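> One file is attached below, target.cif, containing mmCIF, C-alpha atoms.
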```cif
data_work
#
loop_
_atom_site.label_atom_id
_atom_site.label_comp_id
_atom_site.auth_asym_id
_atom_site.auth_seq_id
_atom_site.Cartn_x
_atom_site.Cartn_y
_atom_site.Cartn_z
CA MET A 1 107.17 118.52 106.23
CA LYS A 2 110.86 119.24 105.76
CA LYS A 3 113.10 116.28 106.55
CA PRO A 4 115.61 116.65 109.41
CA TRP A 5 118.54 116.11 107.07
CA LEU A 6 117.40 119.06 104.89
CA GLU A 7 117.62 121.68 107.64
CA GLY A 8 118.91 124.95 106.22
CA ILE A 9 117.91 124.05 102.63
CA GLU A 10 114.84 125.74 101.14
CA VAL A 11 112.63 123.17 99.45
CA VAL A 12 110.05 124.43 96.96
CA ASN A 13 106.76 122.60 97.38
CA VAL A 14 104.91 123.15 94.10
CA ASN A 15 101.93 121.18 95.36
CA ASN A 16 101.12 123.94 97.83
CA GLN A 17 100.28 126.97 95.64
CA GLY A 18 97.77 128.63 97.92
CA SER A 19 94.18 129.58 97.14
CA ALA A 20 93.08 130.04 93.50
CA TRP A 21 90.99 133.07 94.49
CA GLY A 22 94.09 134.60 96.00
CA GLY A 23 95.90 134.21 92.68
CA TRP A 24 93.08 135.86 90.74
CA PHE A 25 92.81 138.66 93.27
CA GLU A 26 96.55 139.32 93.06
CA THR A 27 96.49 139.22 89.25
CA ILE A 28 93.62 141.72 89.00
CA ALA A 29 95.15 143.95 91.69
CA LEU A 30 98.56 143.92 90.01
CA THR A 31 97.01 144.75 86.64
CA ALA A 32 94.95 147.55 88.13
CA ILE A 33 97.96 149.02 89.92
CA MET A 34 99.98 149.13 86.72
CA ILE A 35 97.12 150.81 84.82
CA VAL A 36 96.53 153.40 87.54
CA ALA A 37 100.26 154.09 87.80
CA SER A 38 100.42 154.61 84.05
CA PHE A 39 97.52 157.10 84.11
CA VAL A 40 98.99 158.95 87.08
CA THR A 41 102.47 159.29 85.61
CA GLN A 42 101.39 160.29 82.12
CA GLN A 43 97.77 161.23 81.54
CA GLN A 44 98.08 162.15 77.84
CA ASP A 45 99.63 158.82 76.82
CA PRO A 46 99.17 156.36 79.75
CA PHE A 47 99.79 153.28 77.59
CA ARG A 48 102.92 154.80 75.97
CA LEU A 49 101.69 154.30 72.44
CA GLY A 50 103.61 157.35 71.26
CA GLY A 51 106.99 156.05 72.42
CA GLY A 52 108.95 154.90 75.43
CA PHE A 53 108.68 151.71 77.37
CA PRO A 54 105.09 150.35 77.68
CA TRP A 55 104.92 150.07 81.48
CA PRO A 56 101.42 148.53 81.61
CA VAL A 57 102.91 145.34 80.12
CA LEU A 58 104.52 144.68 83.51
CA GLY A 59 101.12 143.58 84.87
CA PRO A 60 100.68 140.57 82.48
CA LEU A 61 104.41 139.84 82.65
CA LEU A 62 104.47 139.57 86.47
CA ALA A 63 101.13 137.74 86.62
CA GLY A 64 102.37 135.19 84.06
CA LEU A 65 105.66 134.64 85.89
CA ARG A 66 103.89 134.39 89.25
CA TYR A 67 100.91 132.15 88.45
CA GLY A 68 101.20 130.87 84.89
CA PHE A 69 99.83 131.11 81.38
CA VAL A 70 96.12 131.60 82.15
CA TYR A 71 96.68 134.35 84.70
CA GLY A 72 99.10 136.23 82.44
CA PHE A 73 96.75 135.89 79.44
CA VAL A 74 93.76 137.21 81.44
CA SER A 75 95.87 140.12 82.70
CA ALA A 76 96.86 140.97 79.12
CA LEU A 77 93.18 140.90 78.04
CA LEU A 78 92.31 143.25 80.89
CA ILE A 79 95.04 145.62 79.71
CA LEU A 80 93.65 145.53 76.15
CA VAL A 81 90.07 146.04 77.37
CA VAL A 82 91.08 149.08 79.38
CA LEU A 83 93.09 150.32 76.37
CA GLY A 84 90.05 150.01 74.12
CA VAL A 85 87.82 151.83 76.63
CA ALA A 86 90.44 154.55 77.08
CA ILE A 87 90.65 155.10 73.31
CA ASN A 88 86.84 155.27 72.99
CA LEU A 89 86.62 157.77 75.87
CA GLN A 90 89.61 159.67 74.45
CA TRP A 91 91.69 159.10 77.58
CA GLN A 92 94.32 157.70 75.31
CA ALA A 93 95.39 159.60 72.20
CA ALA A 94 95.35 157.17 69.26
CA SER A 95 94.17 157.19 65.66
CA GLY A 96 92.95 153.61 65.99
CA PHE A 97 93.36 150.48 68.05
CA PRO A 98 97.13 149.62 68.12
CA LEU A 99 97.00 145.99 67.00
CA PRO A 100 100.80 145.39 66.95
CA TRP A 101 101.06 146.82 70.49
CA ALA A 102 98.20 144.57 71.65
CA ILE A 103 99.72 141.48 70.05
CA GLY A 104 103.06 142.26 71.71
CA VAL A 105 101.45 142.51 75.16
CA VAL A 106 99.59 139.19 74.69
CA ILE A 107 102.73 137.47 73.43
CA VAL A 108 104.77 138.74 76.41
CA ALA A 109 102.08 137.47 78.80
CA MET A 110 101.84 134.09 77.00
CA VAL A 111 105.61 133.55 76.91
CA ALA A 112 106.01 134.48 80.57
CA GLY A 113 103.08 132.24 81.57
CA GLU A 114 104.30 129.29 79.49
CA PHE A 115 107.79 129.66 80.92
CA ARG A 116 106.38 129.55 84.44
CA ASP A 117 104.17 126.51 83.65
CA MET A 118 107.09 124.65 82.06
CA TRP A 119 109.25 125.15 85.13
CA GLY A 120 106.29 124.33 87.34
CA ARG A 121 105.89 120.96 85.63
CA ARG A 122 109.61 120.35 85.97
CA LEU A 123 109.45 121.24 89.65
CA HIS A 124 106.55 118.83 90.06
CA ARG A 125 108.66 116.03 88.62
CA LEU A 126 111.62 116.98 90.79
CA GLU A 127 109.39 117.18 93.85
CA GLY A 128 108.02 113.72 93.10
CA ALA A 129 111.53 112.30 92.68
CA PHE A 130 112.66 114.04 95.84
CA GLN A 131 109.69 112.71 97.80
CA TYR A 132 110.37 109.18 96.58
CA ARG A 133 114.04 109.39 97.55
CA ALA A 134 113.20 110.96 100.90
CA GLU A 135 110.80 108.10 101.71
CA ARG A 136 113.37 105.52 100.65
CA LEU A 137 116.03 107.26 102.73
CA GLU A 138 113.70 107.35 105.73
CA GLU A 139 112.90 103.65 105.26
CA PHE A 140 116.58 102.82 104.92
CA THR A 141 117.40 104.83 108.06
CA ARG A 142 114.70 103.04 110.03
CA ASN A 143 115.89 99.63 108.84
CA TYR A 144 119.47 100.56 109.60
CA GLN A 145 118.59 101.56 113.15
CA LEU A 146 116.66 98.31 113.65
CA LEU A 147 119.55 96.33 112.23
CA ARG A 148 122.05 98.12 114.45
CA LEU A 149 119.90 97.51 117.52
CA SER A 150 119.51 93.86 116.57
CA HIS A 151 123.26 93.57 116.01
CA ASP A 152 123.98 95.16 119.40
CA ARG A 153 121.64 92.72 121.14
CA LEU A 154 123.14 89.80 119.24
CA GLU A 155 126.62 90.99 120.16
CA GLN A 156 125.62 91.23 123.82
CA THR A 157 124.06 87.76 123.73
CA VAL A 158 127.12 86.24 122.09
CA ALA A 159 129.42 88.04 124.53
CA ASN A 160 127.39 86.67 127.41
CA SER A 161 127.06 83.09 126.18
CA GLY A 162 130.22 82.28 124.27
CA LEU A 163 130.57 78.94 126.05
CA SER A 164 128.04 76.23 126.86
CA LEU A 165 127.36 75.09 130.41
CA ARG A 166 129.18 71.85 129.73
CA GLU A 167 132.25 73.73 128.49
CA GLY A 168 132.02 76.06 131.48
CA ILE A 169 132.10 73.16 133.94
CA MET A 170 134.99 71.57 132.05
CA HIS A 171 137.00 74.82 132.13
CA LEU A 172 136.11 75.32 135.78
CA GLN A 173 137.43 71.88 136.69
CA SER A 174 140.63 72.46 134.76
CA THR A 175 141.09 75.87 136.43
CA LEU A 176 140.65 74.42 139.93
CA ASP A 177 142.27 71.07 139.23
CA ALA A 178 145.50 71.80 141.11
CA ILE A 179 143.73 73.43 144.09
CA ASP A 180 142.36 71.52 147.07
CA GLY A 181 140.05 72.78 149.81
CA LEU A 182 137.96 75.90 150.37
CA THR A 183 140.68 78.43 151.02
CA GLU A 184 140.81 82.12 150.22
CA THR A 185 143.11 81.34 147.30
CA SER A 186 140.77 78.73 145.85
CA LEU A 187 137.69 80.91 146.36
CA GLN A 188 139.46 83.82 144.66
CA LYS A 189 140.13 81.57 141.67
CA LEU A 190 136.49 80.49 141.72
CA ILE A 191 135.03 84.01 141.82
CA GLU A 192 137.39 85.22 139.08
CA PHE A 193 136.28 82.37 136.84
CA VAL A 194 132.60 82.97 137.57
CA ALA A 195 133.01 86.72 137.04
CA GLU A 196 134.56 86.15 133.63
CA TYR A 197 131.98 83.58 132.58
CA GLY A 198 128.91 85.31 134.08
CA ALA A 199 129.95 88.93 133.34
CA LEU A 200 130.22 90.09 136.96
CA THR A 201 131.86 93.47 137.50
CA GLN A 202 131.53 93.87 141.27
CA ALA A 203 131.03 90.89 143.58
CA CYS A 204 132.49 89.18 146.63
CA ILE A 205 132.36 85.93 148.59
CA VAL A 206 131.69 86.58 152.26
CA GLY A 207 131.97 84.04 155.06
CA ILE A 208 129.16 82.71 157.23
CA THR A 209 129.37 82.36 161.00
CA ALA A 210 126.57 80.82 163.08
CA ASP A 211 124.16 80.98 160.13
CA ARG A 212 124.79 84.72 159.73
CA ILE A 213 126.85 86.72 157.30
CA ASP A 214 130.21 87.71 158.75
CA THR A 215 130.94 91.00 157.01
CA ALA A 216 134.47 90.97 158.44
CA ARG A 217 135.33 87.80 156.48
CA ILE A 218 135.60 88.79 152.84
CA LEU A 219 137.09 85.60 151.37
CA ALA A 220 137.33 86.74 147.74
CA ARG A 221 136.27 89.65 145.57
CA VAL A 222 136.23 91.10 142.06
CA GLY A 223 135.86 94.81 141.35
CA GLU A 224 135.76 97.55 143.93
CA ASP A 225 134.86 97.05 147.59
CA PHE A 226 131.29 97.73 148.66
CA THR A 227 129.40 97.88 151.93
CA ILE A 228 127.35 94.83 152.90
CA ASP A 229 124.08 95.39 154.75
CA ASP A 230 122.96 92.49 156.96
CA ASN A 231 119.34 93.53 156.43
CA ASP A 232 119.53 93.51 152.65
CA PRO A 233 116.36 91.70 151.48
CA VAL A 234 118.19 89.80 148.75
CA LEU A 235 120.78 88.57 151.24
CA LYS A 236 118.13 87.62 153.83
CA THR A 237 116.11 85.73 151.20
CA ALA A 238 119.17 83.74 150.09
CA LEU A 239 120.07 82.87 153.71
CA GLU A 240 116.54 81.76 154.58
CA SER A 241 115.94 79.69 151.45
CA GLY A 242 119.49 78.48 150.83
CA GLU A 243 118.96 79.16 147.11
CA LEU A 244 119.67 81.83 144.54
CA ALA A 245 117.94 85.16 145.26
CA ALA A 246 117.77 88.17 142.94
CA VAL A 247 116.47 91.70 143.26
CA ASN A 248 113.76 91.16 140.65
CA LEU A 249 112.27 88.30 142.68
CA ILE A 250 111.56 90.29 145.84
CA THR A 251 108.90 92.89 146.65
CA GLU A 252 108.98 96.24 144.91
CA ASN A 253 109.44 98.30 148.07
CA ALA A 254 112.43 96.21 149.13
CA ALA A 255 113.91 96.36 145.64
CA ASN A 256 114.06 100.16 145.88
CA LEU A 257 116.16 100.00 149.05
CA ASN A 258 118.71 97.25 148.55
CA PRO A 259 122.05 97.66 146.72
CA LEU A 260 122.58 93.96 145.89
CA LEU A 261 121.50 92.47 142.58
CA ALA A 262 121.80 88.81 143.54
CA ALA A 263 123.01 86.47 146.27
CA VAL A 264 124.17 82.89 145.61
CA PRO A 265 124.81 80.48 148.51
CA VAL A 266 128.16 78.72 148.19
CA THR A 267 126.74 75.26 148.97
CA ASP A 268 128.27 71.84 148.39
CA SER A 269 126.40 68.71 147.36
CA THR A 270 125.72 67.75 151.01
CA GLY A 271 123.72 70.95 151.50
CA GLU A 272 126.25 72.69 153.74
CA VAL A 273 126.47 76.45 153.12
CA HIS A 274 130.09 77.58 153.40
CA ALA A 275 129.80 81.20 152.26
CA MET A 276 127.70 83.58 150.19
CA LEU A 277 128.43 85.07 146.78
CA LEU A 278 127.08 88.63 146.66
CA VAL A 279 126.69 90.40 143.31
CA ARG A 280 126.72 94.21 143.47
CA SER A 281 126.89 95.10 139.79
CA MET A 282 126.92 93.49 136.37
CA PRO A 283 126.05 94.59 132.82
CA PHE A 284 122.35 95.07 132.22
CA PHE A 285 122.22 92.51 129.41
CA ALA A 286 123.77 89.88 131.73
CA PHE A 287 121.20 90.38 134.48
CA GLN A 288 118.78 87.71 133.34
CA GLU A 289 117.44 84.52 134.85
CA ASN A 290 119.42 82.10 132.69
CA ASN A 291 122.72 83.83 133.42
CA LEU A 292 122.04 83.96 137.16
CA LYS A 293 121.20 80.26 137.17
CA LEU A 294 124.37 79.56 135.22
CA ILE A 295 126.40 81.43 137.87
CA ALA A 296 124.73 79.42 140.64
CA VAL A 297 125.48 76.10 138.87
CA LEU A 298 129.12 77.05 138.28
CA VAL A 299 129.58 78.10 141.92
CA ALA A 300 128.04 74.84 143.15
CA HIS A 301 130.19 72.67 140.88
CA GLY A 302 133.26 74.68 141.82
CA VAL A 303 132.66 74.13 145.54
CA ASP A 304 132.13 70.41 145.02
CA HIS A 305 135.30 70.17 142.98
CA LEU A 306 137.29 71.97 145.67
CA ARG A 307 135.89 69.72 148.39
CA PHE A 308 135.77 66.34 146.65
CA GLY A 309 137.81 66.67 143.46
CA ALA A 310 141.05 65.54 145.10
CA ALA A 311 139.46 62.72 147.13
CA THR A 312 141.31 59.44 146.72
CA SER A 313 138.18 57.29 146.57
CA SER A 314 136.31 57.25 143.26
CA ILE A 315 133.18 56.20 145.18
CA THR A 316 133.32 59.43 147.23
CA ARG A 317 133.68 61.57 144.11
CA PHE A 318 130.88 59.69 142.38
CA ILE A 319 128.46 60.08 145.30
CA ALA A 320 129.32 63.79 145.63
CA SER A 321 128.77 64.29 141.89
CA PHE A 322 125.46 62.40 142.08
CA GLU A 323 124.24 64.64 144.88
CA ARG A 324 125.24 67.74 142.93
CA VAL A 325 123.53 66.54 139.74
CA ARG A 326 120.41 65.64 141.69
CA ARG A 327 120.27 69.12 143.26
CA ASP A 328 120.81 70.71 139.82
CA HIS A 329 117.85 68.74 138.54
CA GLU A 330 115.63 69.74 141.47
CA GLU A 331 116.58 73.44 141.48
CA PHE A 332 117.34 74.21 137.83
CA ARG A 333 115.69 71.31 135.93
CA LEU A 334 118.98 70.20 134.39
CA ASP A 335 118.80 66.74 132.85
CA ALA A 336 121.14 63.92 133.85
CA MET A 337 121.24 60.17 133.23
CA LEU A 338 122.78 57.18 135.04
CA LEU A 339 123.89 54.01 133.30
CA ARG A 340 124.31 50.75 135.25
CA LEU A 341 126.35 47.96 133.65
CA SER A 342 126.41 44.43 135.05
CA GLY A 343 127.21 40.92 133.87
CA ALA A 344 130.00 38.39 134.04
CA ARG A 345 133.05 39.55 135.95
CA ALA A 346 135.45 39.34 133.03
CA ASP A 347 133.07 41.22 130.70
CA VAL A 348 132.39 43.94 133.26
CA MET A 349 136.08 44.45 134.01
CA ALA A 350 136.91 44.61 130.30
CA ALA A 351 134.15 47.15 129.74
CA TYR A 352 135.39 49.23 132.69
CA GLU A 353 138.94 49.39 131.35
CA LYS A 354 137.71 50.58 127.97
CA LEU A 355 135.06 53.02 129.18
CA ARG A 356 137.03 54.89 131.82
CA SER A 357 139.44 56.17 129.20
CA SER A 358 136.73 57.10 126.68
CA ILE A 359 134.00 58.82 128.70
CA ARG A 360 133.38 62.54 128.24
CA ALA A 361 135.14 65.15 130.34
CA ILE A 362 132.43 65.83 132.92
CA ASP A 363 131.03 62.29 133.01
CA MET A 364 131.77 60.13 136.05
CA ILE A 365 132.44 56.41 136.19
CA CYS A 366 133.05 54.16 139.17
CA LEU A 367 133.38 50.43 139.79
CA THR A 368 131.23 49.05 142.61
CA GLN A 369 130.03 45.67 143.76
CA ASP A 370 126.60 44.17 144.22
CA LYS A 371 126.44 40.74 145.86
CA GLU A 372 130.18 40.39 145.29
CA GLN A 373 129.73 40.96 141.56
CA PRO A 374 131.33 43.97 139.83
CA VAL A 375 128.93 46.71 138.67
CA ILE A 376 129.79 49.83 136.68
CA TRP A 377 127.95 53.09 137.31
CA ILE A 378 128.30 55.89 134.75
CA MET A 379 126.78 59.31 135.35
CA LEU A 380 126.06 61.56 132.36
CA PRO A 381 125.36 65.14 133.57
CA LEU A 382 123.56 67.61 131.31
CA THR A 383 122.32 64.74 129.16
CA ASN A 384 118.73 63.89 128.23
CA PRO A 385 117.51 60.36 127.35
CA ALA A 386 117.95 60.87 123.60
CA GLU A 387 121.54 62.04 124.02
CA ALA A 388 122.22 59.13 126.40
CA GLN A 389 120.92 56.65 123.82
CA ALA A 390 123.18 58.24 121.21
CA TRP A 391 126.14 57.88 123.59
CA MET A 392 125.32 54.21 124.15
CA GLN A 393 125.14 53.61 120.39
CA ARG A 394 128.63 55.04 119.95
CA ALA A 395 129.86 52.68 122.67
CA ASP A 396 127.84 49.74 121.38
CA GLY A 397 130.93 47.62 120.84
CA VAL A 398 131.91 47.90 124.51
CA LEU A 399 128.38 47.45 125.88
CA ALA A 400 127.50 44.45 123.76
CA LYS A 401 128.62 41.84 126.34
CA VAL A 402 127.17 43.50 129.46
CA THR A 403 123.64 44.24 130.67
CA SER A 404 122.74 47.95 130.46
CA GLU A 405 120.18 49.79 132.59
CA LEU A 406 119.61 53.45 131.70
CA LEU A 407 117.96 55.58 134.40
CA SER A 408 116.99 59.22 134.60
CA ILE A 409 118.27 61.15 137.61
CA ASN A 410 114.77 61.44 139.07
CA GLU A 411 114.17 57.68 138.73
CA VAL A 412 117.12 56.68 140.91
CA ASP A 413 116.67 56.10 144.63
CA PRO A 414 119.32 58.33 146.28
CA GLN A 415 119.95 55.70 148.96
CA ARG A 416 120.91 53.25 146.27
CA ILE A 417 123.80 55.52 145.25
CA ARG A 418 124.76 56.73 148.71
CA PHE A 419 125.50 53.20 149.92
CA LEU A 420 127.54 51.98 146.97
CA GLU A 421 130.41 49.71 147.93
CA PRO A 422 133.78 49.72 146.18
CA TYR A 423 134.78 46.60 144.33
#
```
Would you kindly transcribe this structure into structure tokens?


Amino acid sequence: MKKPWLEGIEVVNVNNQGSAWGGWFETIALTAIMIVASFVTQQQDPFRLGGGFPWPVLGPLLAGLRYGFVYGFVSALLILVVLGVAINLQWQAASGFPLPWAIGVVIVAMVAGEFRDMWGRRLHRLEGAFQYRAERLEEFTRNYQLLRLSHDRLEQTVANSGLSLREGIMHLQSTLDAIDGLTETSLQKLIEFVAEYGALTQACIVGITADRIDTARILARVGEDFTIDDNDPVLKTALESGELAAVNLITENAANLNPLLAAVPVTDSTGEVHAMLLVRSMPFFAFQENNLKLIAVLVAHGVDHLRFGAATSSITRFIASFERVRRDHEEFRLDAMLLRLSGARADVMAAYEKLRSSIRAIDMICLTQDKEQPVIWIMLPLTNPAEAQAWMQRADGVLAKVTSELLSINEVDPQRIRFLEPY
């Protein structure tokens, strides 16, 4: 089969020579035609022994060039046999058998046949080399296409996940740090950040009135405007469940009708739904479960930061952050740890002064009291027990004089945190 990149180029396939019987039939027919033509054109001297060009030699010559040494040699023998018969029957005037003429015909046939066989062998070698290079080129092309596809997917993955969730929350807090309250300005900042981080191309935040979407209250948007259908199954699912809903999680018939890809409730840590983030379009590679969950987590943390980030009481911020982390663990299985430090008043206060300036960016620390004794609570979001132990080892010098109690987020009684008292 001719390769696509060789279109327009004639490739000689020496391995496909046709039937052997066809070659013998053509050789005999060609020889016979030349003999008959010689007798027809000159009956007295058909083999041109008396002079002139010996036209019968064309039969062995063409047979040798066409099929090779054996065919040309057999054709020459047939010519000599017919010559001998013609001399015996006096069809050919001759005093005796013309040995030099016969040797010349055989030599012409042998040289022509050997020439064809030599080039045939060379073509076989070239065909083998060509076939080897064609297979290697085809293999290289296939590997190149696989590599390019893999590179494209890797590029899409890297473009979609250039930052970790921890870095995203840190950047979100810094972006919204100077903004207070759920206003159109703050929500516009929030949706722009989420659109950049989650690769949204067309989305909006729409208000909620009396537990229903108010299509007249578009609080923020990115991309072009789009029509919102109150009966959209994705939107209805998000309103009923109060959680993230996506088109691939609903029934097939509904998925064929709705224009929305996803709906994310804009909910704070107390469970109050303030608005709804509706996603109309996004790149195909970004429409995956992990990215949608990441968008939902960023929206939730952004709302909490806008509502409680500027609160004057550290207890209020800590309780709000605890509620958010607890909901993240329940909905998205995100790990979080709480560290309780207690002991003598002087040791606890010294530890508090050192730790509050050295904790990580998204960690929370607050000073409370228990039976009129100071107690430090430290919350470590997005941290598993092993990472929490590593954090405690780095702060071993500060924690040496206090009593430490490390708890997972699902081991803490929520009421214990909700009723913390400031020291």

> Using all atoms listed in the file and a cutoff of 10 Å, can you tell me which residues are near (126.9, 45.0, 134.9) in the file's coordinates, and write them out as a PDB file with C-alpha atoms, keeping the file's coordinate frame?


```
ATOM      1  CA  LEU A 339     123.890  54.010 133.300  1.00  0.00           C
ATOM      2  CA  ARG A 340     124.310  50.750 135.250  1.00  0.00           C
ATOM      3  CA  LEU A 341     126.350  47.960 133.650  1.00  0.00           C
ATOM      4  CA  SER A 342     126.410  44.430 135.050  1.00  0.00           C
ATOM      5  CA  GLY A 343     127.210  40.920 133.870  1.00  0.00           C
ATOM      6  CA  ALA A 344     130.000  38.390 134.040  1.00  0.00           C
ATOM      7  CA  ARG A 345     133.050  39.550 135.950  1.00  0.00           C
ATOM      8  CA  ASP A 347     133.070  41.220 130.700  1.00  0.00           C
ATOM      9  CA  VAL A 348     132.390  43.940 133.260  1.00  0.00           C
ATOM     10  CA  MET A 349     136.080  44.450 134.010  1.00  0.00           C
ATOM     11  CA  ALA A 351     134.150  47.150 129.740  1.00  0.00           C
ATOM     12  CA  TYR A 352     135.390  49.230 132.690  1.00  0.00           C
ATOM     13  CA  LEU A 367     133.380  50.430 139.790  1.00  0.00           C
ATOM     14  CA  THR A 368     131.230  49.050 142.610  1.00  0.00           C
ATOM     15  CA  GLN A 369     130.030  45.670 143.760  1.00  0.00           C
ATOM     16  CA  ASP A 370     126.600  44.170 144.220  1.00  0.00           C
ATOM     17  CA  GLN A 373     129.730  40.960 141.560  1.00  0.00           C
ATOM     18  CA  PRO A 374     131.330  43.970 139.830  1.00  0.00           C
ATOM     19  CA  VAL A 375     128.930  46.710 138.670  1.00  0.00           C
ATOM     20  CA  ILE A 376     129.790  49.830 136.680  1.00  0.00           C
ATOM     21  CA  TRP A 377     127.950  53.090 137.310  1.00  0.00           C
ATOM     22  CA  LEU A 399     128.380  47.450 125.880  1.00  0.00           C
ATOM     23  CA  LYS A 401     128.620  41.840 126.340  1.00  0.00           C
ATOM     24  CA  VAL A 402     127.170  43.500 129.460  1.00  0.00           C
ATOM     25  CA  THR A 403     123.640  44.240 130.670  1.00  0.00           C
ATOM     26  CA  SER A 404     122.740  47.950 130.460  1.00  0.00           C
ATOM     27  CA  GLU A 405     120.180  49.790 132.590  1.00  0.00           C
TER      28      GLU A 405
END
```

> Could you list, as a PyMOL selection string, every residue within 7 Å of segment 76-92 of chain A, counting all atoms listed in the file and ignoring same-chain residues fewer than 2 positions away?

chain A and resi 44-46+60+72-74+94+97+102+105-106+109

> Looking at A:Gly207, A:Gly128, A:Gly242, A:Pro259, which one is nearest to Phe226 of chain A, with distances taken over only C-alpha atoms?

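Of all the options, A:Pro259 lies closest to Phe226 of chain A.
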
> Report as a ChimeraX atom specification all protein, DNA and RNA residues lying within 12 Å of Met118 of chain A, evaluated on all atoms listed in the file, omitting residues in the same chain fewer than 5 positions from it.

/A:64-65,67-69,110-113,123-125

> Report, in Å with one decimal, the straight-line distance from atom CA of Gly22 of chain A to atom CA of Leu58 of chain A.

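These atoms are spaced 19.1 Å apart.
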
> My list of candidates is A:Ile378, A:Val273, A:Leu99, A:Ile409. Which is closest to Ala336 of chain A when distances are computed with only C-alpha atoms?

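Ranking A:Ile378, A:Val273, A:Leu99, A:Ile409 by distance to Ala336 of chain A, first place goes to A:Ile409.
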
> Out of A:Phe53, A:Phe332, A:Phe322, A:Tyr423, which residue has the shortest atom-to-atom distance to Ala296 of chain A when counting only C-alpha atoms?

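Going through A:Phe53, A:Phe332, A:Phe322, A:Tyr423 one by one, the smallest distance to Ala296 of chain A is for A:Phe332.
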
> Find the residues around Glu224 of chain A up to 9 Å (all atoms listed in the file counted), leave out those fewer than 4 positions away in its own chain, and share them as a list in words.

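Non-adjacent residues within range: Thr201, Gln202 and Ala203 of chain A.
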
> Dump C-alpha atoms for the selected residues as a PDB file, keeping the file's coordinate frame?


```pdb
ATOM      1  CA  THR A 201     131.860  93.470 137.500  1.00  0.00           C
ATOM      2  CA  GLN A 202     131.530  93.870 141.270  1.00  0.00           C
ATOM      3  CA  ALA A 203     131.030  90.890 143.580  1.00  0.00           C
TER       4      ALA A 203
END
```

> Between A:Arg66, A:Arg142, A:Arg324, A:Lys189, which one has atoms that come closest to Ser269 of chain A, using all atoms listed in the file?

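Of A:Arg66, A:Arg142, A:Arg324, A:Lys189, the one nearest Ser269 of chain A, counting all atoms listed in the file, is A:Arg324.
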
> Looking at A:Leu200, A:Leu49, A:Ala386, A:Ile362, which one is nearest to Ile169 of chain A, with distances taken over all atoms listed in the file?

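Checking each of A:Leu200, A:Leu49, A:Ala386, A:Ile362 against Ile169 of chain A, counting all atoms listed in the file, the winner is A:Ile362.
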
> At most 6 Å from (132.0, 58.9, 137.1), file frame, all atoms listed in the file: which residues, as a count of residues only?

7

> Atom CA of Ala320 of chain A to atom CA of Leu380 of chain A: how many Å, to one decimal?

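Rounded to one decimal, the two atoms are 13.8 Å apart.
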
> Could you state which residues are captured by the PyMOL selection byres ((chain A and resi 306) around 12) in this file, as a ChimeraX atom specification?

/A:172-187,189-190,266-269,274,299-305,307-311,317,320

> Quick one: everything within 6 Å of Gly59 of chain A, counting only C-alpha atoms, minus sequence neighbours fewer than 4 positions away in the same chain. Send it as a list of chain:residue names.

A:Leu30, A:Thr31, A:Met34

> Can you list what the PyMOL selection byres ((chain A and resi 418) around 9) grabs from this structure, as a list in words?

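Output of the PyMOL selection byres ((chain A and resi 418) around 9): Ile319, Ala320, Phe322, Glu323, Pro414, Gln415, Arg416, Ile417, Phe419 and Leu420 of chain A.
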
> Keeping only C-alpha atoms, write those residues as a compact mmCIF listing (two decimals), in the coordinates of the input.


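Writing done, so here's selection.txt:
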```
# COMPACT_ATOMS: atom_id res chain seq x y z
CA ILE A 319 128.46 60.08 145.30
CA ALA A 320 129.32 63.79 145.63
CA PHE A 322 125.46 62.40 142.08
CA GLU A 323 124.24 64.64 144.88
CA PRO A 414 119.32 58.33 146.28
CA GLN A 415 119.95 55.70 148.96
CA ARG A 416 120.91 53.25 146.27
CA ILE A 417 123.80 55.52 145.25
CA PHE A 419 125.50 53.20 149.92
CA LEU A 420 127.54 51.98 146.97
```
